[in-house]
Amino acid sequence: MQTKGLFSQQYGRFEARIKIPKGQGMWPAFWMLGTDIDTNPWPACGEIDIMEDVGFDPDVIHGTVHTGKFNHIAHTAKGGTINIAKPYDGFHLYAVEWRPDRIDFFVDKSKYFTFHNEKSGDAAWPYDKPQYLIMNIAIGGAWGGQKGIDEKIFPQRMYV
């Protein structure tokens, strides 16, 4: 699900109550991309990963930003993690609070990471423009599939 062309916002609190799927090979995510991605390709458009979970490490929730300066391709991505016991057994509130000077990452009421605007330009902070929301479940992939896919876990669902 994505809101490209339907809803975008610059700054504010973005949250969703989600019960994530579980199993080896699952990679659920709740994230945002800059609305200018078609003319300013990733990672320059900016990406805010509000929540990612990988099935081979299911009790760890990740929050990450990707920019021209900070991204996983260059091995410079900025992010944080929080351990949540069995996050797939119930609903949790995943959120970011995005301001002109920082982005704070939360699970339930716990803030676990802050990305600060270092004021060095768009390559480090492309977040002074709107972003749209995305929710998806990837199966496998470069990160989610690192340790294989357990074919016996299907079907799977993410509840929002």
# chains A, B, ... in the order shown; residues from 1 in each chain; ligands from 1
$ select_by_dssp --residues "chain A" --states "strand (DSSP E or B)" --output "PyMOL selection string"
chain A and resi 2+9+12-19+26-34+47-52+60-66+78-83+92-98+102-107+110-116+131-139+159
$ residues_around --residues "stretch 11-22 of chain A" --least-positions-apart "5" --cutoff "10 Å" --atoms "only C-alpha atoms" --output "ChimeraX atom specification"
/A:27-32,50-59,86-100,102-108,127-131,133,135,137,153-160
$ write_last_selection --atoms "N, CA and C atoms" --output "compact mmCIF listing (two decimals), in the first residue's frame"
# COMPACT_ATOMS: atom_id res chain seq x y z
N TRP A 27 9.87 -9.70 5.70
CA TRP A 27 10.50 -8.38 5.82
C TRP A 27 9.40 -7.32 5.74
N PRO A 28 8.59 -7.17 6.81
CA PRO A 28 7.55 -6.14 6.81
C PRO A 28 8.14 -4.76 7.05
N ALA A 29 7.50 -3.74 6.49
CA ALA A 29 8.00 -2.38 6.63
C ALA A 29 6.87 -1.36 6.57
N PHE A 30 7.09 -0.25 7.27
CA PHE A 30 6.24 0.94 7.25
C PHE A 30 7.23 2.08 7.05
N TRP A 31 7.12 2.78 5.90
CA TRP A 31 8.17 3.73 5.55
C TRP A 31 7.65 4.86 4.68
N MET A 32 8.55 5.82 4.38
CA MET A 32 8.19 7.01 3.62
C MET A 32 9.26 7.30 2.56
N ILE A 50 10.18 3.93 9.08
CA ILE A 50 9.56 4.05 10.40
C ILE A 50 9.67 2.73 11.15
N MET A 51 9.48 1.62 10.44
CA MET A 51 9.57 0.29 11.05
C MET A 51 9.99 -0.70 9.98
N GLU A 52 11.01 -1.49 10.29
CA GLU A 52 11.36 -2.66 9.49
C GLU A 52 11.67 -3.79 10.46
N ASP A 53 11.32 -4.99 10.05
CA ASP A 53 11.62 -6.19 10.82
C ASP A 53 12.06 -7.26 9.84
N VAL A 54 13.06 -8.04 10.22
CA VAL A 54 13.48 -9.13 9.36
C VAL A 54 13.26 -10.44 10.09
N GLY A 55 12.71 -11.41 9.39
CA GLY A 55 12.28 -12.67 9.99
C GLY A 55 13.37 -13.47 10.67
N PHE A 56 14.63 -13.33 10.25
CA PHE A 56 15.69 -14.09 10.89
C PHE A 56 16.14 -13.46 12.21
N ASP A 57 15.64 -12.26 12.52
CA ASP A 57 15.95 -11.57 13.79
C ASP A 57 14.67 -10.88 14.25
N PRO A 58 13.63 -11.66 14.55
CA PRO A 58 12.27 -11.13 14.67
C PRO A 58 12.01 -10.19 15.84
N ASP A 59 12.80 -10.22 16.89
CA ASP A 59 12.53 -9.38 18.06
C ASP A 59 13.23 -8.02 17.99
N LYS A 86 8.66 -10.68 20.93
CA LYS A 86 7.58 -11.20 20.09
C LYS A 86 6.67 -10.10 19.52
N PRO A 87 7.21 -9.18 18.74
CA PRO A 87 6.38 -8.10 18.20
C PRO A 87 5.27 -8.59 17.28
N TYR A 88 5.38 -9.80 16.82
CA TYR A 88 4.39 -10.41 15.92
C TYR A 88 3.20 -10.99 16.68
N ASP A 89 3.27 -11.07 18.02
CA ASP A 89 2.17 -11.62 18.81
C ASP A 89 1.10 -10.60 19.17
N GLY A 90 1.32 -9.33 18.89
CA GLY A 90 0.33 -8.31 19.21
C GLY A 90 0.59 -7.04 18.43
N PHE A 91 -0.29 -6.08 18.62
CA PHE A 91 -0.16 -4.79 17.94
C PHE A 91 0.81 -3.89 18.69
N HIS A 92 1.60 -3.13 17.94
CA HIS A 92 2.49 -2.13 18.51
C HIS A 92 2.33 -0.85 17.68
N LEU A 93 2.56 0.29 18.33
CA LEU A 93 2.46 1.58 17.67
C LEU A 93 3.85 2.00 17.20
N TYR A 94 4.03 2.06 15.89
CA TYR A 94 5.29 2.46 15.27
C TYR A 94 5.12 3.89 14.77
N ALA A 95 6.08 4.76 15.12
CA ALA A 95 5.88 6.18 14.80
C ALA A 95 7.20 6.90 14.59
N VAL A 96 7.12 8.01 13.84
CA VAL A 96 8.17 9.01 13.81
C VAL A 96 7.54 10.37 14.07
N GLU A 97 8.30 11.23 14.70
CA GLU A 97 7.95 12.64 14.83
C GLU A 97 9.02 13.41 14.06
N TRP A 98 8.60 14.01 12.96
CA TRP A 98 9.49 14.64 12.00
C TRP A 98 9.36 16.15 12.14
N ARG A 99 10.46 16.78 12.47
CA ARG A 99 10.53 18.23 12.63
C ARG A 99 11.64 18.77 11.72
N PRO A 100 11.71 20.10 11.55
CA PRO A 100 12.77 20.65 10.70
C PRO A 100 14.19 20.35 11.20
N ARG A 102 15.00 17.51 13.34
CA ARG A 102 15.27 16.12 13.72
C ARG A 102 14.08 15.22 13.37
N ILE A 103 14.37 13.91 13.38
CA ILE A 103 13.33 12.89 13.24
C ILE A 103 13.53 11.92 14.41
N ASP A 104 12.49 11.78 15.23
CA ASP A 104 12.51 10.87 16.38
C ASP A 104 11.73 9.61 16.03
N PHE A 105 12.25 8.44 16.42
CA PHE A 105 11.66 7.13 16.11
C PHE A 105 11.15 6.50 17.41
N PHE A 106 9.94 5.92 17.34
CA PHE A 106 9.29 5.34 18.51
C PHE A 106 8.70 3.97 18.21
N VAL A 107 8.67 3.11 19.22
CA VAL A 107 7.80 1.95 19.25
C VAL A 107 7.02 2.07 20.55
N ASP A 108 5.71 2.04 20.43
CA ASP A 108 4.82 2.30 21.55
C ASP A 108 5.23 3.66 22.13
N TYR A 127 14.86 16.35 3.86
CA TYR A 127 13.55 16.23 4.53
C TYR A 127 12.83 17.56 4.72
N ASP A 128 13.14 18.57 3.90
CA ASP A 128 12.41 19.82 3.94
C ASP A 128 11.41 19.88 2.79
N LYS A 129 10.84 18.72 2.49
CA LYS A 129 9.81 18.61 1.45
C LYS A 129 8.94 17.39 1.79
N PRO A 130 7.75 17.31 1.21
CA PRO A 130 6.82 16.23 1.57
C PRO A 130 7.32 14.83 1.23
N GLN A 131 6.80 13.88 1.97
CA GLN A 131 7.02 12.46 1.73
C GLN A 131 5.66 11.77 1.72
N LEU A 133 3.60 7.81 2.22
CA LEU A 133 3.70 6.62 3.06
C LEU A 133 3.63 5.33 2.25
N MET A 135 3.41 0.92 3.09
CA MET A 135 3.40 -0.26 3.97
C MET A 135 3.51 -1.46 3.06
N ILE A 137 5.01 -5.88 2.76
CA ILE A 137 5.68 -7.08 3.23
C ILE A 137 6.51 -7.60 2.07
N ILE A 153 5.84 -21.22 6.30
CA ILE A 153 5.22 -20.16 7.10
C ILE A 153 4.00 -19.50 6.43
N PHE A 154 3.76 -19.85 5.18
CA PHE A 154 2.72 -19.15 4.42
C PHE A 154 1.36 -19.80 4.59
N PRO A 155 0.27 -19.02 4.55
CA PRO A 155 0.19 -17.59 4.21
C PRO A 155 0.55 -16.70 5.40
N GLN A 156 0.85 -15.44 5.10
CA GLN A 156 1.20 -14.43 6.10
C GLN A 156 0.35 -13.19 5.88
N ARG A 157 0.19 -12.40 6.96
CA ARG A 157 -0.55 -11.12 6.88
C ARG A 157 0.08 -10.11 7.80
N MET A 158 -0.06 -8.84 7.44
CA MET A 158 0.29 -7.74 8.31
C MET A 158 -1.02 -7.02 8.62
N TYR A 159 -1.34 -6.90 9.89
CA TYR A 159 -2.58 -6.26 10.32
C TYR A 159 -2.29 -4.82 10.74
N VAL A 160 -3.11 -3.90 10.23
CA VAL A 160 -2.92 -2.48 10.51
C VAL A 160 -4.20 -1.92 11.10
$ atom_distance --atom1 "atom CA of A:Gly141" --atom2 "atom CA of A:Thr114"
26.8 Å
$ atom_distance --atom1 "atom CA of A:Lys4" --atom2 "atom CA of A:Ile134"
8.3 Å
$ closest_residue --among "A:Lys119, A:Asn136, A:Lys147, A:Pro126" --to "A:Val65" --atoms "only C-alpha atoms"
A:Pro126
$ residues_around --residues "stretch 71-80 of chain A" --least-positions-apart "6" --cutoff "8 Å" --atoms "only C-alpha atoms" --output "ChimeraX atom specification"
/A:43,62-65,112-113,115
